[in-house]
$ cat entry-v6.pdb   # PDB, C-alpha atoms
ATOM      1  CA  MET H   1     -96.409  39.440  67.599  1.00  0.00           C
ATOM      2  CA  PHE H   2     -93.537  39.001  65.194  1.00  0.00           C
ATOM      3  CA  ASN H   3     -94.207  40.356  61.717  1.00  0.00           C
ATOM      4  CA  TYR H   4     -93.709  37.071  59.854  1.00  0.00           C
ATOM      5  CA  GLU H   5     -94.624  38.589  56.473  1.00  0.00           C
ATOM      6  CA  HIS H   6     -91.900  41.184  56.895  1.00  0.00           C
ATOM      7  CA  CYS H   7     -89.422  38.492  57.923  1.00  0.00           C
ATOM      8  CA  LEU H   8     -90.270  36.397  54.858  1.00  0.00           C
ATOM      9  CA  LEU H   9     -89.924  39.426  52.579  1.00  0.00           C
ATOM     10  CA  THR H  10     -86.566  40.270  54.125  1.00  0.00           C
ATOM     11  CA  ILE H  11     -85.331  36.721  53.619  1.00  0.00           C
ATOM     12  CA  ALA H  12     -86.605  36.650  50.030  1.00  0.00           C
ATOM     13  CA  THR H  13     -84.720  39.819  49.123  1.00  0.00           C
ATOM     14  CA  MET H  14     -81.455  38.853  50.796  1.00  0.00           C
ATOM     15  CA  PRO H  15     -78.542  38.205  48.417  1.00  0.00           C
ATOM     16  CA  THR H  16     -77.670  34.576  47.722  1.00  0.00           C
ATOM     17  CA  PRO H  17     -74.779  33.470  49.958  1.00  0.00           C
ATOM     18  CA  THR H  18     -71.511  32.837  48.163  1.00  0.00           C
ATOM     19  CA  ARG H  19     -69.788  29.461  48.256  1.00  0.00           C
ATOM     20  CA  THR H  20     -67.194  30.889  50.645  1.00  0.00           C
ATOM     21  CA  HIS H  21     -69.896  32.199  52.937  1.00  0.00           C
ATOM     22  CA  ARG H  22     -71.732  28.855  52.918  1.00  0.00           C
ATOM     23  CA  LYS H  23     -68.523  27.012  53.731  1.00  0.00           C
ATOM     24  CA  ARG H  24     -67.739  29.401  56.576  1.00  0.00           C
ATOM     25  CA  THR H  25     -71.260  28.983  57.956  1.00  0.00           C
ATOM     26  CA  ARG H  26     -71.005  25.184  57.859  1.00  0.00           C
ATOM     27  CA  THR H  27     -67.635  25.291  59.621  1.00  0.00           C
ATOM     28  CA  ARG H  28     -68.992  27.622  62.268  1.00  0.00           C
ATOM     29  CA  GLU H  29     -72.026  25.417  62.866  1.00  0.00           C
ATOM     30  CA  HIS H  30     -69.766  22.353  63.142  1.00  0.00           C
ATOM     31  CA  LEU H  31     -67.520  24.055  65.682  1.00  0.00           C
ATOM     32  CA  VAL H  32     -70.506  25.125  67.767  1.00  0.00           C
ATOM     33  CA  ALA H  33     -72.026  21.638  67.753  1.00  0.00           C
ATOM     34  CA  VAL H  34     -68.730  20.009  68.764  1.00  0.00           C
ATOM     35  CA  ALA H  35     -68.100  22.576  71.503  1.00  0.00           C
ATOM     36  CA  LEU H  36     -71.573  22.185  72.980  1.00  0.00           C
ATOM     37  CA  ALA H  37     -71.194  18.401  73.065  1.00  0.00           C
ATOM     38  CA  LEU H  38     -67.893  18.795  74.934  1.00  0.00           C
ATOM     39  CA  PHE H  39     -69.417  21.321  77.350  1.00  0.00           C
ATOM     40  CA  ASP H  40     -72.289  18.941  78.101  1.00  0.00           C
ATOM     41  CA  GLN H  41     -69.953  15.963  78.570  1.00  0.00           C
ATOM     42  CA  TYR H  42     -67.095  17.485  80.566  1.00  0.00           C
ATOM     43  CA  GLY H  43     -68.470  20.774  81.864  1.00  0.00           C
ATOM     44  CA  TYR H  44     -67.818  24.215  80.458  1.00  0.00           C
ATOM     45  CA  ASP H  45     -64.878  25.101  82.698  1.00  0.00           C
ATOM     46  CA  ALA H  46     -62.965  21.894  81.917  1.00  0.00           C
ATOM     47  CA  VAL H  47     -63.029  22.309  78.132  1.00  0.00           C
ATOM     48  CA  THR H  48     -60.280  24.261  76.359  1.00  0.00           C
ATOM     49  CA  MET H  49     -60.156  25.844  72.929  1.00  0.00           C
ATOM     50  CA  GLU H  50     -57.479  23.328  71.967  1.00  0.00           C
ATOM     51  CA  GLN H  51     -59.806  20.455  72.855  1.00  0.00           C
ATOM     52  CA  ILE H  52     -62.573  21.967  70.771  1.00  0.00           C
ATOM     53  CA  ALA H  53     -60.273  22.316  67.758  1.00  0.00           C
ATOM     54  CA  ALA H  54     -59.014  18.744  68.143  1.00  0.00           C
ATOM     55  CA  ALA H  55     -62.481  17.262  68.526  1.00  0.00           C
ATOM     56  CA  ALA H  56     -63.714  19.264  65.522  1.00  0.00           C
ATOM     57  CA  ASP H  57     -60.662  18.122  63.511  1.00  0.00           C
ATOM     58  CA  VAL H  58     -59.642  21.667  62.557  1.00  0.00           C
ATOM     59  CA  ALA H  59     -56.511  23.702  63.096  1.00  0.00           C
ATOM     60  CA  ARG H  60     -56.466  25.957  66.153  1.00  0.00           C
ATOM     61  CA  GLY H  61     -56.161  28.942  63.829  1.00  0.00           C
ATOM     62  CA  THR H  62     -59.401  27.978  62.130  1.00  0.00           C
ATOM     63  CA  LEU H  63     -61.218  27.900  65.454  1.00  0.00           C
ATOM     64  CA  TYR H  64     -59.783  31.258  66.516  1.00  0.00           C
ATOM     65  CA  ASN H  65     -60.732  32.780  63.161  1.00  0.00           C
ATOM     66  CA  HIS H  66     -64.346  32.042  64.015  1.00  0.00           C
ATOM     67  CA  PHE H  67     -64.288  32.518  67.776  1.00  0.00           C
ATOM     68  CA  PRO H  68     -61.643  34.614  69.575  1.00  0.00           C
ATOM     69  CA  VAL H  69     -62.386  33.092  73.004  1.00  0.00           C
ATOM     70  CA  LYS H  70     -64.239  30.115  74.459  1.00  0.00           C
ATOM     71  CA  GLU H  71     -67.009  32.352  75.753  1.00  0.00           C
ATOM     72  CA  ALA H  72     -67.813  33.382  72.191  1.00  0.00           C
ATOM     73  CA  VAL H  73     -68.327  29.732  71.251  1.00  0.00           C
ATOM     74  CA  LEU H  74     -70.661  29.278  74.214  1.00  0.00           C
ATOM     75  CA  VAL H  75     -72.686  32.353  73.333  1.00  0.00           C
ATOM     76  CA  GLN H  76     -73.202  31.155  69.775  1.00  0.00           C
ATOM     77  CA  ALA H  77     -74.064  27.647  70.987  1.00  0.00           C
ATOM     78  CA  LEU H  78     -76.660  28.997  73.400  1.00  0.00           C
ATOM     79  CA  HIS H  79     -78.134  31.214  70.698  1.00  0.00           C
ATOM     80  CA  VAL H  80     -78.701  28.097  68.616  1.00  0.00           C
ATOM     81  CA  GLN H  81     -80.398  26.350  71.523  1.00  0.00           C
ATOM     82  CA  LEU H  82     -82.415  29.428  72.386  1.00  0.00           C
ATOM     83  CA  ALA H  83     -83.757  29.618  68.847  1.00  0.00           C
ATOM     84  CA  SER H  84     -84.868  25.987  68.855  1.00  0.00           C
ATOM     85  CA  GLU H  85     -86.036  25.599  72.461  1.00  0.00           C
ATOM     86  CA  LEU H  86     -87.146  29.050  73.595  1.00  0.00           C
ATOM     87  CA  GLY H  87     -88.616  30.172  70.271  1.00  0.00           C
ATOM     88  CA  PRO H  88     -91.843  28.121  70.515  1.00  0.00           C
ATOM     89  CA  LEU H  89     -92.378  29.278  74.111  1.00  0.00           C
ATOM     90  CA  LEU H  90     -91.995  32.905  73.046  1.00  0.00           C
ATOM     91  CA  GLN H  91     -94.484  32.443  70.221  1.00  0.00           C
ATOM     92  CA  LYS H  92     -97.004  31.090  72.720  1.00  0.00           C
ATOM     93  CA  ALA H  93     -96.428  34.096  74.966  1.00  0.00           C
ATOM     94  CA  MET H  94     -97.118  36.435  72.047  1.00  0.00           C
ATOM     95  CA  THR H  95    -100.690  35.126  71.772  1.00  0.00           C
ATOM     96  CA  ARG H  96    -101.566  36.738  75.113  1.00  0.00           C
ATOM     97  CA  ARG H  97    -103.425  40.038  75.266  1.00  0.00           C
ATOM     98  CA  GLY H  98    -101.805  43.113  76.749  1.00  0.00           C
ATOM     99  CA  LEU H  99     -98.180  44.097  77.345  1.00  0.00           C
ATOM    100  CA  LEU H 100     -98.005  42.826  80.923  1.00  0.00           C
ATOM    101  CA  ALA H 101     -99.356  39.402  79.979  1.00  0.00           C
ATOM    102  CA  GLN H 102     -97.049  39.142  76.960  1.00  0.00           C
ATOM    103  CA  LEU H 103     -93.916  40.160  78.827  1.00  0.00           C
ATOM    104  CA  THR H 104     -94.841  37.876  81.707  1.00  0.00           C
ATOM    105  CA  GLY H 105     -95.014  35.012  79.234  1.00  0.00           C
ATOM    106  CA  VAL H 106     -91.656  35.946  77.731  1.00  0.00           C
ATOM    107  CA  PHE H 107     -89.978  36.221  81.143  1.00  0.00           C
ATOM    108  CA  GLU H 108     -91.514  32.973  82.420  1.00  0.00           C
ATOM    109  CA  ALA H 109     -90.318  31.117  79.331  1.00  0.00           C
ATOM    110  CA  SER H 110     -86.863  32.642  79.710  1.00  0.00           C
ATOM    111  CA  ALA H 111     -86.677  31.724  83.403  1.00  0.00           C
ATOM    112  CA  LYS H 112     -87.628  28.124  82.647  1.00  0.00           C
ATOM    113  CA  TRP H 113     -84.924  27.893  79.998  1.00  0.00           C
ATOM    114  CA  TRP H 114     -82.188  29.399  82.176  1.00  0.00           C
ATOM    115  CA  GLU H 115     -83.097  27.216  85.141  1.00  0.00           C
ATOM    116  CA  ALA H 116     -82.280  24.247  82.911  1.00  0.00           C
ATOM    117  CA  HIS H 117     -78.981  25.795  81.755  1.00  0.00           C
ATOM    118  CA  ARG H 118     -77.719  27.453  84.925  1.00  0.00           C
ATOM    119  CA  ASP H 119     -74.113  26.240  84.539  1.00  0.00           C
ATOM    120  CA  TYR H 120     -73.796  28.218  81.324  1.00  0.00           C
ATOM    121  CA  ALA H 121     -75.479  31.383  82.577  1.00  0.00           C
ATOM    122  CA  ALA H 122     -72.514  33.002  84.385  1.00  0.00           C
ATOM    123  CA  PRO H 123     -69.960  32.806  81.523  1.00  0.00           C
ATOM    124  CA  TYR H 124     -72.683  33.787  79.063  1.00  0.00           C
ATOM    125  CA  ILE H 125     -73.687  36.889  81.015  1.00  0.00           C
ATOM    126  CA  ARG H 126     -70.050  37.885  81.653  1.00  0.00           C
ATOM    127  CA  TYR H 127     -69.267  37.749  77.956  1.00  0.00           C
ATOM    128  CA  ARG H 128     -72.426  39.648  77.048  1.00  0.00           C
ATOM    129  CA  PHE H 129     -71.401  42.504  79.367  1.00  0.00           C
ATOM    130  CA  GLN H 130     -67.850  42.355  78.012  1.00  0.00           C
ATOM    131  CA  THR H 131     -69.093  42.825  74.455  1.00  0.00           C
ATOM    132  CA  ILE H 132     -71.278  45.705  75.599  1.00  0.00           C
ATOM    133  CA  SER H 133     -68.302  47.447  77.215  1.00  0.00           C
ATOM    134  CA  ASP H 134     -66.272  46.840  74.059  1.00  0.00           C
ATOM    135  CA  GLY H 135     -68.992  48.423  71.938  1.00  0.00           C
ATOM    136  CA  GLN H 136     -69.807  45.181  70.125  1.00  0.00           C
ATOM    137  CA  ALA H 137     -73.357  44.492  69.006  1.00  0.00           C
ATOM    138  CA  GLY H 138     -74.957  41.453  70.618  1.00  0.00           C
ATOM    139  CA  GLN H 139     -77.090  39.402  68.270  1.00  0.00           C
ATOM    140  CA  SER H 140     -79.266  37.779  70.899  1.00  0.00           C
ATOM    141  CA  ASP H 141     -79.610  40.987  72.876  1.00  0.00           C
ATOM    142  CA  SER H 142     -80.609  43.007  69.828  1.00  0.00           C
ATOM    143  CA  GLU H 143     -83.240  40.432  68.835  1.00  0.00           C
ATOM    144  CA  MET H 144     -84.842  40.471  72.279  1.00  0.00           C
ATOM    145  CA  GLN H 145     -84.741  44.254  72.443  1.00  0.00           C
ATOM    146  CA  THR H 146     -86.358  44.417  69.022  1.00  0.00           C
ATOM    147  CA  LEU H 147     -89.127  42.156  70.319  1.00  0.00           C
ATOM    148  CA  TYR H 148     -89.554  44.316  73.421  1.00  0.00           C
ATOM    149  CA  ALA H 149     -89.674  47.472  71.297  1.00  0.00           C
ATOM    150  CA  GLN H 150     -92.391  46.017  69.047  1.00  0.00           C
ATOM    151  CA  LEU H 151     -94.546  45.064  72.028  1.00  0.00           C
ATOM    152  CA  ILE H 152     -93.939  48.403  73.733  1.00  0.00           C
ATOM    153  CA  GLU H 153     -94.797  50.394  70.608  1.00  0.00           C
ATOM    154  CA  ARG H 154     -98.077  48.524  70.273  1.00  0.00           C
ATOM    155  CA  ALA H 155     -98.874  49.050  73.962  1.00  0.00           C
ATOM    156  CA  GLN H 156     -98.172  52.774  73.611  1.00  0.00           C
ATOM    157  CA  ALA H 157    -100.500  52.999  70.631  1.00  0.00           C
ATOM    158  CA  GLY H 158    -103.214  51.298  72.671  1.00  0.00           C
ATOM    159  CA  GLY H 159    -102.739  53.595  75.661  1.00  0.00           C
ATOM    160  CA  GLU H 160    -101.487  50.837  77.960  1.00  0.00           C
ATOM    161  CA  ILE H 161     -98.268  52.642  78.872  1.00  0.00           C
ATOM    162  CA  ARG H 162     -96.828  56.141  78.570  1.00  0.00           C
ATOM    163  CA  ASP H 163     -95.934  57.230  75.064  1.00  0.00           C
ATOM    164  CA  ASP H 164     -93.487  60.054  75.782  1.00  0.00           C
ATOM    165  CA  ILE H 165     -90.431  57.761  75.709  1.00  0.00           C
ATOM    166  CA  ALA H 166     -89.207  56.048  72.541  1.00  0.00           C
ATOM    167  CA  PRO H 167     -89.922  52.294  72.408  1.00  0.00           C
ATOM    168  CA  VAL H 168     -86.259  51.566  71.651  1.00  0.00           C
ATOM    169  CA  LEU H 169     -85.164  53.389  74.800  1.00  0.00           C
ATOM    170  CA  LEU H 170     -87.767  51.647  76.953  1.00  0.00           C
ATOM    171  CA  SER H 171     -86.778  48.270  75.514  1.00  0.00           C
ATOM    172  CA  GLY H 172     -83.172  48.962  76.537  1.00  0.00           C
ATOM    173  CA  HIS H 173     -84.255  49.776  80.086  1.00  0.00           C
ATOM    174  CA  LEU H 174     -86.329  46.609  80.232  1.00  0.00           C
ATOM    175  CA  HIS H 175     -83.456  44.499  78.960  1.00  0.00           C
ATOM    176  CA  PHE H 176     -81.073  45.760  81.638  1.00  0.00           C
ATOM    177  CA  LEU H 177     -83.692  45.129  84.324  1.00  0.00           C
ATOM    178  CA  TYR H 178     -83.850  41.590  82.959  1.00  0.00           C
ATOM    179  CA  LEU H 179     -80.068  41.162  83.090  1.00  0.00           C
ATOM    180  CA  GLY H 180     -79.995  42.517  86.640  1.00  0.00           C
ATOM    181  CA  ALA H 181     -82.543  39.914  87.713  1.00  0.00           C
ATOM    182  CA  VAL H 182     -80.483  37.126  86.141  1.00  0.00           C
ATOM    183  CA  LEU H 183     -77.359  38.366  87.928  1.00  0.00           C
ATOM    184  CA  ARG H 184     -79.124  38.375  91.303  1.00  0.00           C
ATOM    185  CA  TRP H 185     -80.271  34.826  90.626  1.00  0.00           C
ATOM    186  CA  LEU H 186     -76.727  33.749  89.830  1.00  0.00           C
ATOM    187  CA  GLU H 187     -75.363  35.324  93.012  1.00  0.00           C
ATOM    188  CA  ASN H 188     -77.737  33.435  95.311  1.00  0.00           C
ATOM    189  CA  ARG H 189     -78.956  29.893  94.682  1.00  0.00           C
ATOM    190  CA  LYS H 190     -81.844  30.445  97.093  1.00  0.00           C
ATOM    191  CA  VAL H 191     -83.265  33.092  94.779  1.00  0.00           C
ATOM    192  CA  LYS H 192     -85.927  32.044  92.280  1.00  0.00           C
ATOM    193  CA  LEU H 193     -85.395  33.484  88.829  1.00  0.00           C
ATOM    194  CA  THR H 194     -89.118  33.640  88.129  1.00  0.00           C
ATOM    195  CA  LYS H 195     -89.581  35.834  91.216  1.00  0.00           C
ATOM    196  CA  GLU H 196     -86.669  38.109  90.326  1.00  0.00           C
ATOM    197  CA  LEU H 197     -87.924  38.575  86.772  1.00  0.00           C
ATOM    198  CA  ALA H 198     -91.454  39.208  88.012  1.00  0.00           C
ATOM    199  CA  GLY H 199     -90.113  41.952  90.280  1.00  0.00           C
ATOM    200  CA  ALA H 200     -88.145  43.522  87.431  1.00  0.00           C
ATOM    201  CA  LEU H 201     -91.231  43.505  85.220  1.00  0.00           C
ATOM    202  CA  ALA H 202     -93.415  44.991  87.963  1.00  0.00           C
ATOM    203  CA  PHE H 203     -90.913  47.845  88.370  1.00  0.00           C
ATOM    204  CA  PHE H 204     -90.905  48.465  84.617  1.00  0.00           C
ATOM    205  CA  MET H 205     -94.705  48.490  84.355  1.00  0.00           C
ATOM    206  CA  ALA H 206     -95.053  50.850  87.328  1.00  0.00           C
ATOM    207  CA  ALA H 207     -92.534  53.247  85.790  1.00  0.00           C
ATOM    208  CA  THR H 208     -94.326  53.283  82.445  1.00  0.00           C
ATOM    209  CA  MET H 209     -97.896  53.788  83.614  1.00  0.00           C
ATOM    210  CA  PRO H 210     -99.729  56.466  81.585  1.00  0.00           C
ATOM    211  CA  ARG H 211     -99.540  59.933  83.100  1.00  0.00           C
TER     212      ARG H 211
END

$ encode --input "entry-v6.pdb" --output "structure tokens"
Amino acid sequence: MFNYEHCLLTIATMPTPTRTHRKRTRTREHLVAVALALFDQYGYDAVTMEQIAAAADVARGTLYNHFPVKEAVLVQALHVQLASELGPLLQKAMTRRGLLAQLTGVFEASAKWWEAHRDYAAPYIRYRFQTISDGQAGQSDSEMQTLYAQLIERAQAGGEIRDDIAPVLLSGHLHFLYLGAVLRWLENRKVKLTKELAGALAFFMAATMPR
């Protein structure tokens, strides 16, 4: 499970945001909300950066200062939705016992969320891989990999899986298996994401069985 006490302590010791930082955060949140409303109304492909700036009543330069491309706006918008919609489902999954049951819960919750947001999945995934190739850190990716690593470390301590590979490395492998399953789902509408993710998880568990 998430270490909520550690999270609260981290938040409590964080420096107080400056006025400039608060203003930038509010502007960024406004841009994301406006963009997501346009995406939902007109479709992602039909919306331009210029339309987002106009609807948000900001200069184009202001928008580009926050988001270099439209895909970056989408990624941030989906992160906001993921936090509010997927978060409770993930917390429920964390109450399960054992790594397989926990990861199954996480993957099932993720599949349900993506099935409801399929139109956004392709540009989201493309941009995520682009940032990886550019050496940029991905906020959402790092958070999920941190979660995986915590669960894996606990499972290793309990003897559920092999302990000769670092949890961070195993979490990276698991995350790319996850992305591969999502890509296969996007390539073929007849494919069920739940089945693809279940197969990816089965492969991971078989490869990490104690020796």

$ residues_around --input "entry-v6.pdb" --residues "region 21-29 of chain H" --least-positions-apart "5" --cutoff "12 Å" --atoms "only C-alpha atoms" --output "NGL selection string"
:H and (15-16 or 34-36 or 53 or 56-59 or 62-67 or 72-73 or 76-77 or 79-80)

$ resolve_selection --input "entry-v6.pdb" --expression "the PyMOL selection byres ((chain H and resi 81-98) around 12)" --output "JSON, numbers by chain"
{"H": [1, 2, 3, 4, 32, 33, 36, 74, 75, 76, 77, 78, 79, 80, 99, 100, 101, 102, 103, 104, 105, 106, 107, 108, 109, 110, 111, 112, 113, 114, 116, 117, 120, 139, 140, 141, 143, 144, 147, 148, 150, 151, 152, 153, 154, 155, 156, 157, 158, 159, 160, 161, 205]}

$ atom_distance --input "entry-v6.pdb" --atom1 "CA of Ala46 (chain H)" --atom2 "CA of Val191 (chain H)"
26.5 Å

$ axis_aligned_box --input "entry-v6.pdb" --around "region 30-48 of chain H" --padding-each-side "6 Å" --output "AutoDock Vina command-line options"
--center_x -66.3 --center_y 20.5 --center_z 72.9 --size_x 24.0 --size_y 21.2 --size_z 31.6

$ atom_distance --input "entry-v6.pdb" --atom1 "CA of Phe129 (chain H)" --atom2 "CA of Leu186 (chain H)"
14.6 Å

$ atom_distance --input "entry-v6.pdb" --atom1 "CA of Met49 (chain H)" --atom2 "CA of Val69 (chain H)"
7.6 Å

$ closest_residue --input "entry-v6.pdb" --among "H:Gly61, H:Thr146, H:Leu201, H:Gly180" --to "Pro167 (chain H)" --atoms "only C-alpha atoms"
H:Thr146
